[in-house]
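See structure below.
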Number of protein chains: 2
Amino acid sequence: MSRGKFTVAGGGPVGALLAILLGRHGYEVGLYEGRPDSRKTSIYQGRSINIALSDRGWHSLEQIGIGADAKSEAIPMFHRAIHGIDGELSALPYGKEWNAIWSVSRSGINQQLLDIADQEAGIETHFEHWLMDVDFETARTVFQVNREHEVTVDADYLFAADGANSKVRRLAHNLPRFSYSQTYMPQSYIELHIPANADGSHKIEKNALHIWPRKDFMLIALPNTDGTFTCTLFLNHSGEPSFESLQERAAVEAFFESNFADAMDYLENPVDTFMEKTASPLFLVQVFPWSFNRKVGLIGDAAHAIVPFYGQGMNCGFEDCAELNRLIETHDHDWDAIFPAYENARKPNGDAIAELSKRNFVEMSDLSGDRRFQIRKMIEAKFSARYPGLWTPLYSMVTFSPEVPYAEALRVGDEQNRVMEKIMGLPGIENDWDKQYVMDQLHALAKASFGERQ
Amino acid sequence: MSRGKFTVAGGGPVGALLAILLGRHGYEVGLYEGRPDSRKTSIYQGRSINIALSDRGWHSLEQIGIGADAKSEAIPMFHRAIHGIDGELSALPYGKEWNAIWSVSRSGINQQLLDIADQEAGIETHFEHWLMDVDFETARTVFQVNREHEVTVDADYLFAADGANSKVRRLAHNLPRFSYSQTYMPQSYIELHIPANADGSHKIEKNALHIWPRKDFMLIALPNTDGTFTCTLFLNHSGEPSFESLQERAAVEAFFESNFADAMDYLENPVDTFMEKTASPLFLVQVFPWSFNRKVGLIGDAAHAIVPFYGQGMNCGFEDCAELNRLIETHDHDWDAIFPAYENARKPNGDAIAELSKRNFVEMSDLSGDRRFQIRKMIEAKFSARYPGLWTPLYSMVTFSPEVPYAEALRVGDEQNRVMEKIMGLPGIENDWDKQYVMDQLHALAKASFGERQ
């Protein structure tokens, strides 16, 4: 017998995963997606769009009982491949030698999860159903079907997994005491493309995330299994240089030639693409509460759209699902308890990864820049290798330590900053950074801040 | 000849003042208000609602050429009258003995400004015109008139002075790259009432802002010219005690009796009012930009709704008007220059007073509480009296120093905090606070932070 009926709005990776876990807990689930089913149409069969998945994502999938299947289609990236402006290449590891982040096809993982959902009892999937309205008291929804007629769907509960531009969340703006913010970043982006070699191999190093860091802007490239790379150019919306200032073809050519000379050998018509495409904005969404009347909940990007600079968007959404999965058991299907426990557990972590992601643009786009910044990273890496119980670098806490909540990573990272500012304030640090007294002083400060954990 | 045509949406104090200054600069102005004209109807002739006006507000009115008229209907409040829980009364001055904040009738000042607007050439006022739609490219607006028909209004520019719930701002949510946030405070509020004596005199001290500070909640009372006081109870929305938790009449009576015993002699049916009224929420709104396509601008609460704990809402809106007044001259009516200069000048100050106002709830509601807090205030007052060029208390900068922008007051106030934390960290400070060495040490720290300004 069904434990109750859920509507899940949004059939992306988070919505599909949520439907699966609810189905496995004995609920009847209707999964509604506005777009056509990508498994039956060609809309996703053009160029690949990939996203980063890392330990939090894999860990969450495992907790929900979805095994290593998804990993078979993913490409591990063990380091950043930094392309200097002079064409020089350098490798910056992500963590220990076995630590990797994974490039996965967004549509691939989505289709895998939808296939699993279709095999579960109690889950019905509906495509080309556009959400039009929500009754936040009853969880009743109205969808427009195939752009023609409307259907009304009754359920006991509704979860909105309808993404960064969530319609459910926008409808909630009118609810009492709903706090919301939507904040645009100075940068916008366009996607570019590196084709495969004739034999299907990758034109540049496959197992790396490629970065052309140019301080105020950057180009990145993530590998696809078909030998191509999906590239993203992040550039200011206005100012100099920017999508707004680069209007003339000659100026765009000069911009690419002077900043991405080595990439011009590989990129497919970057100037044409730049001239033709409209840049997409980057924005953050933060709201509270994440649930209404113990009937309607928000999850994934619908609850916390973040910027992509930490590669954590889908990871965070999958963590939301894993937390819900746990709470359904802890509170034995009592949704009056689950909704508040869920939003109170996840909101601080959503805010923390939003903040961390925003900050990481500076770090990523300046990777080959500032000498003091490089020295600081080298001191940290050396110290962490020697005292792993006392110091995990922030990037590793966020990316490779699913047991550390984002909010805790942010807090510890800020404390590490304060410690490292003192170290970087030592006179002569730029020459002495590798000397023993620096390690000793850092050890004393770290011990005072973090205790001796091992 | 007209320099161009403006639509001003919203006929409150800020909208009326804006219409006047635009009219005086030679523009044709249509002022549109959704509510009926309060000068002709009785809706405002019931109980008075008053608000605080202080030096920034008066200074801004003077800059626009509106004299001391408004002050004749205002009541100066020279100090806070603190009502202890035991009924004990104490006075806490706002600044120097001549420093006052002023209690003004909101409808009174609104009507005065509307009267002035009606006498200016080129200004037309329209009431019962509800704004329905805005074309942000052309500044064309659509109003519903008397809840019957619609009119379309063409103009060269539109300014939205339509308040904290601004319809224009909400329509702008759909514009590209518009960042917005609306944040609810934990507190809500209801208004209560102290009637006048039979002879029209005030039942409690007239020239004071009365505060019953109870840490997590507070009651305040501002005098009206008719002998009454308008009181506001600020109390958490949920938790204990809260508007949500106080549902039973007996509990509400006990709440008032135990917390506001002395006020029960004066308040008019506070328990009935509490039981009948729905508490209003408190929220902050922050957005950017404040203008669109060099055609449409936001001003006053529509651009920056803040909480009332610093008494600066209307002052800040009037300052917006004074800044615009100045910029029209500086940029000689070039609105391509005025809009960006206006939003860049005012946005940091709007954000600063939002932050200051939010923080001030703690300060106001804990006035009679923490001993260390009292000691800190006494040290600051003594030091400021001795070295006025080195230290102006934050409250005085915000309230009595219109030449200091809000953003500067916030910055200096934060630096003062850091200095005072060092002083309050001195061992024995609770006994020694009045000793010379404390003054000496504070002088050394303040000089290092702020230089010797006089």
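So you can find residues: chains in the structure tokens are A, B, ... in the order shown, residues in each start at 1, and ligands are numbered from 1 in order.
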
Open item on the list: Only residues of chain A matter here; which ones have an atom within 9 Å of chain B, counting only C-alpha atoms? Give them as a PyMOL selection string.
Closed with: chain A and resi 176-185+281-283+286-288

Open item on the list: Just want the 9 Å neighbourhood of A:Ser357, counted on only C-alpha atoms, with same-chain residues fewer than 6 positions away dropped. Output as a list in words.
Closed with: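 So, after excluding close chain neighbours, the residues are Ile306, Val307, Pro308, Phe309, Tyr310, Gly311 and Gln312 of chain A.
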
Residue selection dump (N, CA and C atoms) as an mmCIF file, in the first residue's frame:
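Saved the output as selection-v4.cif:
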data_model
loop_
_atom_site.group_PDB
_atom_site.id
_atom_site.type_symbol
_atom_site.label_atom_id
_atom_site.label_comp_id
_atom_site.auth_asym_id
_atom_site.auth_seq_id
_atom_site.Cartn_x
_atom_site.Cartn_y
_atom_site.Cartn_z
ATOM 1 N N ILE A 306 23.489 28.074 -7.349
ATOM 2 C CA ILE A 306 24.805 28.633 -7.055
ATOM 3 C C ILE A 306 25.586 28.824 -8.352
ATOM 4 N N VAL A 307 26.739 29.452 -8.257
ATOM 5 C CA VAL A 307 27.564 29.624 -9.450
ATOM 6 C C VAL A 307 28.478 28.405 -9.591
ATOM 7 N N PRO A 308 28.972 28.137 -10.810
ATOM 8 C CA PRO A 308 29.594 26.831 -11.072
ATOM 9 C C PRO A 308 31.071 26.718 -10.694
ATOM 10 N N PHE A 309 31.636 27.714 -9.984
ATOM 11 C CA PHE A 309 33.091 27.773 -9.857
ATOM 12 C C PHE A 309 33.684 26.764 -8.881
ATOM 13 N N TYR A 310 32.846 26.053 -8.135
ATOM 14 C CA TYR A 310 33.384 24.985 -7.291
ATOM 15 C C TYR A 310 32.970 23.609 -7.814
ATOM 16 N N GLY A 311 32.222 23.577 -8.919
ATOM 17 C CA GLY A 311 31.774 22.301 -9.471
ATOM 18 C C GLY A 311 30.915 21.510 -8.487
ATOM 19 N N GLN A 312 30.100 22.218 -7.686
ATOM 20 C CA GLN A 312 29.386 21.531 -6.617
ATOM 21 C C GLN A 312 27.871 21.540 -6.780
#

- [ ] Write down as a PyMOL selection string the residues of stretch 117-336 of chain B whose backbone DSSP state falls under strand (DSSP E).
- [x] chain B and resi 123-126+129-135+140-145+149-153+157-160+179-194+208-213+218-223+229-236+280-288+291-292+296-298

Write the residues of the selection above to a file with C-alpha atoms, as a tab-separated table (two decimals), in the first residue's frame.
chain	number	residue	atom	x	y	z
B	123	ILE	CA	2.47	69.01	-11.45
B	124	GLU	CA	-0.76	67.07	-11.78
B	125	THR	CA	-1.84	64.74	-8.97
B	126	HIS	CA	-4.06	61.72	-9.62
B	129	HIS	CA	-4.89	55.21	-9.89
B	130	TRP	CA	-3.50	51.70	-9.29
B	131	LEU	CA	-0.38	50.90	-11.24
B	132	MET	CA	-0.92	47.74	-13.31
B	133	ASP	CA	1.94	47.59	-15.76
B	134	VAL	CA	5.16	49.27	-16.83
B	135	ASP	CA	7.02	49.25	-20.12
B	140	ARG	CA	4.86	53.97	-20.44
B	141	THR	CA	2.56	52.94	-17.55
B	142	VAL	CA	-0.93	51.54	-17.25
B	143	PHE	CA	-3.16	52.45	-14.31
B	144	GLN	CA	-6.53	51.11	-13.24
B	145	VAL	CA	-8.71	54.07	-12.30
B	149	HIS	CA	-11.24	51.42	-16.39
B	150	GLU	CA	-7.59	51.53	-17.39
B	151	VAL	CA	-5.55	54.45	-18.65
B	152	THR	CA	-2.21	54.39	-20.41
B	153	VAL	CA	0.20	57.16	-19.48
B	157	TYR	CA	10.74	58.94	-17.52
B	158	LEU	CA	9.15	57.05	-14.65
B	159	PHE	CA	10.12	57.14	-10.98
B	160	ALA	CA	8.71	54.51	-8.65
B	179	SER	CA	19.37	41.42	-8.40
B	180	TYR	CA	16.84	41.51	-5.60
B	181	SER	CA	16.34	40.28	-2.07
B	182	GLN	CA	13.48	40.41	0.39
B	183	THR	CA	14.38	39.26	3.90
B	184	TYR	CA	11.95	38.82	6.76
B	185	MET	CA	12.97	39.68	10.33
B	186	PRO	CA	12.05	37.32	13.18
B	187	GLN	CA	9.90	40.11	14.66
B	188	SER	CA	6.43	41.25	13.63
B	189	TYR	CA	4.51	44.20	15.09
B	190	ILE	CA	1.13	45.61	16.03
B	191	GLU	CA	0.18	49.19	16.81
B	192	LEU	CA	-1.34	50.10	20.17
B	193	HIS	CA	-2.66	53.40	21.47
B	194	ILE	CA	-2.37	55.69	24.48
B	208	ALA	CA	10.59	61.62	24.73
B	209	LEU	CA	10.54	58.38	22.78
B	210	HIS	CA	9.28	55.85	25.31
B	211	ILE	CA	10.81	52.38	25.26
B	212	TRP	CA	9.91	49.30	27.26
B	213	PRO	CA	12.99	47.21	26.34
B	218	MET	CA	9.89	45.71	23.12
B	219	LEU	CA	7.13	48.28	23.24
B	220	ILE	CA	7.76	51.84	22.07
B	221	ALA	CA	5.59	54.98	22.12
B	222	LEU	CA	5.91	58.19	20.07
B	223	PRO	CA	3.92	61.34	20.93
B	229	PHE	CA	0.78	58.31	21.69
B	230	THR	CA	1.12	55.77	18.92
B	231	CYS	CA	2.69	52.64	20.36
B	232	THR	CA	4.29	49.72	18.59
B	233	LEU	CA	4.82	46.28	20.07
B	234	PHE	CA	7.68	44.38	18.39
B	235	LEU	CA	7.56	40.68	19.19
B	236	ASN	CA	8.82	37.52	17.55
B	280	SER	CA	2.44	42.87	10.40
B	281	PRO	CA	5.75	41.43	9.25
B	282	LEU	CA	9.01	43.38	9.12
B	283	PHE	CA	11.20	42.93	6.08
B	284	LEU	CA	14.18	44.39	4.28
B	285	VAL	CA	14.38	44.84	0.52
B	286	GLN	CA	17.68	45.29	-1.29
B	287	VAL	CA	17.95	45.50	-5.06
B	288	PHE	CA	20.31	46.62	-7.79
B	291	SER	CA	17.27	52.25	-12.65
B	292	PHE	CA	16.44	50.57	-15.95
B	296	VAL	CA	12.82	54.15	-15.03
B	297	GLY	CA	14.13	54.74	-11.50
B	298	LEU	CA	13.38	53.47	-8.00

Open item on the list: For a quick check of understanding, using only C-alpha atoms, which of A:Ser54, A:Gly34, A:Asn325, A:Ala19 has the smallest distance to A:Asn146?
Closed with: A:Gly34

- [ ] In Å, rounded to a single decimal, give me how far atom CA of A:Leu114 is from atom CA of A:Leu22.
- [x] 13.6 Å
